[in-house]
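Reviewing the structure listed below.
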Amino acid sequence: MSETDRLYRFLFEGLGIRGNLVHLDASWRAVQSTHPYPQPVRDLLGEALAAVTLLSATLKIEGSLILQAQGSGPLRTLVAQANQASQVRGLARWEGEVPSEGPLSARFGSGHLALSIAQRDGTPYQGIVPLDGPDLTAAIERYFRDSEQLPTRLWLSANASRAAGLLIQHLPSQPLLAEDWERIAILAATLTTHELTEQRAADLLYRLFNEETVRLFEPEPIAFRCGCSRQRIEDTLKLLGADEVDAILAEEGAVEVTCEFCNRRYRLDVIDAKQLFTGQPRHDPSPSQH
Ligand SMILES: [Zn+2]
């Protein structure tokens, strides 16, 4: 069985603690192939992608989890998204030189990290924490401490070929003993970045937790998928409004939109663009009376 692009869920039997381990390989390289990211930007984007995959696997939602970091510094935007079908996408925007070392503030300036859930039924949920501390892990752990009061620890690492992460979290439905949590966290913290990106999942979990009773579930495949479509682009243009679209047509002769997540290009000529605003308004059938 393939050992790439996999999410591994595991459980510490009887302790009320769960874990996730993720390896992103082809999916991560697909994200990188859309833009020539400098190494410091690339590694943070990989970490964000691993984090959002780990976190989305802890949620029971129909929809997707979006991690968005926004700052005033050289690294402007980091977006990573994972949905319930284990499909991921992400992008980063930067300006000038982004340092590879130093606290988050050296890279992002002042900014914030938002975790939002986009549900199929449209109910948005968003939690926000400041982007300070040494790294992305610290900012995310702070989010869980401040917003969720859910004991959560994360380890993240990324290079050109793999983005990887480990998460341990209190299983909310079960009681948790502080001493169990501390012991597991101390064991997990012996993890090195090399082990995280290079070691096989089963070997890694054995190395860290061989004195614990760990139940490892069947791994789940992860894939890159953007999810953009002509329909979504058209919906966005409709929101922009007829005047705005007319202005683009007058200037460019057509509307061209490139999806930043996958570089796919969508082109609407004058007729396509005009039709966006001339379609009959939709009338939903009135609800039947009982
Ligand atoms: Zn796309």
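By order of appearance in the structure tokens: chains A, B, ..., then residues from 1 within every chain, and ligands from 1 in the order shown.
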
Exercise for the section: Throw together the list of residues within 9 Å of ligand 1, counting only C-alpha atoms and all ligand atoms, and drop it here as a PyMOL selection string. Expected result: chain A and resi 89+225-229+258-265

Handout entry: Surrounding residues of Ala69 of chain A excluding itself and chain neighbours under 2 positions, 6 Å, only C-alpha atoms, as a VMD selection string
Key = chain A and resid 77 to 78 112 to 113

Problem - Those of segment 67-231 of chain A in DSSP alpha helix (DSSP H), formatted as a PyMOL selection string - result: chain A and resi 104-108+136-143+178-188+193-198+201-209+230-231

If you keep N, CA and C atoms, can you produce a file of those selected residues as a CSV table (one decimal), in the first residue's frame?
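And here's result00.csv as it stands now:
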```csv
chain,number,residue,atom,x,y,z
A,104,LEU,N,7.2,34.7,14.2
A,104,LEU,CA,6.2,34.9,13.1
A,104,LEU,C,6.1,36.4,12.8
A,105,SER,N,6.3,37.3,13.7
A,105,SER,CA,6.2,38.7,13.5
A,105,SER,C,7.3,39.2,12.5
A,106,ALA,N,8.4,38.5,12.4
A,106,ALA,CA,9.4,38.9,11.5
A,106,ALA,C,9.0,38.6,10.0
A,107,ARG,N,8.1,37.6,9.9
A,107,ARG,CA,7.7,37.2,8.6
A,107,ARG,C,6.3,37.9,8.2
A,108,PHE,N,5.4,37.9,9.2
A,108,PHE,CA,4.1,38.4,8.9
A,108,PHE,C,3.9,39.9,9.3
A,136,LEU,N,4.0,28.9,13.5
A,136,LEU,CA,2.6,28.6,13.2
A,136,LEU,C,2.0,27.7,14.3
A,137,THR,N,2.8,26.7,14.7
A,137,THR,CA,2.3,25.8,15.7
A,137,THR,C,1.8,26.5,17.0
A,138,ALA,N,2.7,27.5,17.4
A,138,ALA,CA,2.3,28.2,18.6
A,138,ALA,C,1.0,29.0,18.5
A,139,ALA,N,0.8,29.6,17.3
A,139,ALA,CA,-0.4,30.4,17.0
A,139,ALA,C,-1.6,29.5,17.0
A,140,ILE,N,-1.5,28.3,16.4
A,140,ILE,CA,-2.6,27.4,16.4
A,140,ILE,C,-2.9,26.8,17.8
A,141,GLU,N,-1.9,26.5,18.5
A,141,GLU,CA,-2.1,25.9,19.9
A,141,GLU,C,-2.8,27.0,20.7
A,142,ARG,N,-2.4,28.3,20.5
A,142,ARG,CA,-3.0,29.4,21.3
A,142,ARG,C,-4.5,29.5,20.9
A,143,TYR,N,-4.8,29.3,19.7
A,143,TYR,CA,-6.2,29.3,19.2
A,143,TYR,C,-7.0,28.2,20.0
A,178,ALA,N,-4.8,14.8,33.8
A,178,ALA,CA,-3.7,15.7,33.5
A,178,ALA,C,-2.3,15.0,33.3
A,179,GLU,N,-2.1,13.9,34.1
A,179,GLU,CA,-0.9,13.2,34.1
A,179,GLU,C,-0.7,12.4,32.8
A,180,ASP,N,-1.9,11.9,32.3
A,180,ASP,CA,-1.8,11.2,31.0
A,180,ASP,C,-1.4,12.2,29.9
A,181,TRP,N,-2.1,13.3,29.9
A,181,TRP,CA,-1.9,14.3,28.8
A,181,TRP,C,-0.4,14.8,28.8
A,182,GLU,N,0.1,15.0,30.0
A,182,GLU,CA,1.5,15.5,30.1
A,182,GLU,C,2.5,14.4,29.6
A,183,ARG,N,2.2,13.2,30.0
A,183,ARG,CA,3.1,12.1,29.6
A,183,ARG,C,3.1,12.0,28.0
A,184,ILE,N,1.9,11.9,27.4
A,184,ILE,CA,1.8,11.8,26.0
A,184,ILE,C,2.5,13.0,25.3
A,185,ALA,N,2.2,14.2,25.8
A,185,ALA,CA,2.8,15.4,25.2
A,185,ALA,C,4.3,15.4,25.3
A,186,ILE,N,4.9,14.9,26.4
A,186,ILE,CA,6.3,14.9,26.6
A,186,ILE,C,6.9,13.8,25.6
A,187,LEU,N,6.3,12.7,25.4
A,187,LEU,CA,6.7,11.7,24.5
A,187,LEU,C,6.7,12.2,23.0
A,188,ALA,N,5.6,12.9,22.7
A,188,ALA,CA,5.4,13.4,21.3
A,188,ALA,C,6.4,14.5,21.1
A,193,THR,N,12.2,17.1,13.5
A,193,THR,CA,11.6,17.4,12.2
A,193,THR,C,12.0,16.4,11.1
A,194,HIS,N,13.2,15.8,11.3
A,194,HIS,CA,13.6,14.8,10.3
A,194,HIS,C,12.7,13.6,10.4
A,195,GLU,N,12.4,13.1,11.6
A,195,GLU,CA,11.5,12.0,11.8
A,195,GLU,C,10.1,12.3,11.2
A,196,LEU,N,9.7,13.5,11.5
A,196,LEU,CA,8.3,13.9,11.0
A,196,LEU,C,8.2,13.8,9.5
A,197,THR,N,9.2,14.3,8.8
A,197,THR,CA,9.1,14.3,7.3
A,197,THR,C,9.6,13.0,6.7
A,198,GLU,N,10.5,12.3,7.3
A,198,GLU,CA,11.1,11.1,6.7
A,198,GLU,C,10.6,9.8,7.1
A,201,ALA,N,5.0,6.1,9.0
A,201,ALA,CA,4.1,6.4,10.0
A,201,ALA,C,4.1,5.4,11.2
A,202,ALA,N,4.1,4.1,10.8
A,202,ALA,CA,4.0,3.1,11.9
A,202,ALA,C,5.3,3.1,12.7
A,203,ASP,N,6.4,3.3,12.0
A,203,ASP,CA,7.7,3.4,12.7
A,203,ASP,C,7.8,4.6,13.7
A,204,LEU,N,7.3,5.7,13.2
A,204,LEU,CA,7.3,6.9,14.0
A,204,LEU,C,6.4,6.8,15.2
A,205,LEU,N,5.2,6.3,15.0
A,205,LEU,CA,4.4,6.1,16.2
A,205,LEU,C,4.9,5.1,17.2
A,206,TYR,N,5.6,4.1,16.7
A,206,TYR,CA,6.2,3.1,17.6
A,206,TYR,C,7.4,3.8,18.3
A,207,ARG,N,8.2,4.5,17.6
A,207,ARG,CA,9.3,5.2,18.3
A,207,ARG,C,8.8,6.1,19.4
A,208,LEU,N,7.8,6.8,19.2
A,208,LEU,CA,7.3,7.8,20.2
A,208,LEU,C,6.5,7.1,21.3
A,209,PHE,N,5.6,6.2,21.0
A,209,PHE,CA,4.6,5.8,21.9
A,209,PHE,C,4.6,4.3,22.2
A,230,ARG,N,-16.2,27.1,-13.5
A,230,ARG,CA,-16.7,28.3,-14.2
A,230,ARG,C,-17.9,28.9,-13.5
A,231,GLN,N,-18.8,28.0,-13.0
A,231,GLN,CA,-19.9,28.5,-12.3
A,231,GLN,C,-19.6,29.4,-11.1
```

Practice task
Would you please give, as number ranges by chain, all residues of segment 98-259 of chain A that DSSP assigns to strand (DSSP E) based on the backbone?
Solution key: A: 111-119, 124-130, 152-158, 163-170, 214-216, 220-221, 223-224, 255-258

Exercise for the section: For Leu171 of chain A, work out the shell of residues within 7 Å, counting only C-alpha atoms and skipping chain neighbours fewer than 5 positions away, then give it as number ranges by chain. Expected result: A: 16-18

Keeping N, CA, C and O atoms, export the residues of the selection given above as a PDB file, in the first residue's frame.
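Output contents, as saved in again-v3.pdb:
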```pdb
ATOM      1  N   GLY A  16      -8.531   8.941  26.594  1.00  0.00           N
ATOM      2  CA  GLY A  16      -9.257  10.134  26.154  1.00  0.00           C
ATOM      3  C   GLY A  16      -8.385  11.066  25.316  1.00  0.00           C
ATOM      4  O   GLY A  16      -8.571  12.276  25.317  1.00  0.00           O
ATOM      5  N   ILE A  17      -7.411  10.492  24.624  1.00  0.00           N
ATOM      6  CA  ILE A  17      -6.529  11.292  23.759  1.00  0.00           C
ATOM      7  C   ILE A  17      -6.498  10.658  22.369  1.00  0.00           C
ATOM      8  O   ILE A  17      -6.355   9.447  22.239  1.00  0.00           O
ATOM      9  N   ARG A  18      -6.656  11.510  21.362  1.00  0.00           N
ATOM     10  CA  ARG A  18      -6.552  11.009  19.985  1.00  0.00           C
ATOM     11  C   ARG A  18      -5.373  11.674  19.294  1.00  0.00           C
ATOM     12  O   ARG A  18      -4.843  12.681  19.780  1.00  0.00           O
TER      13      ARG A  18
END
```
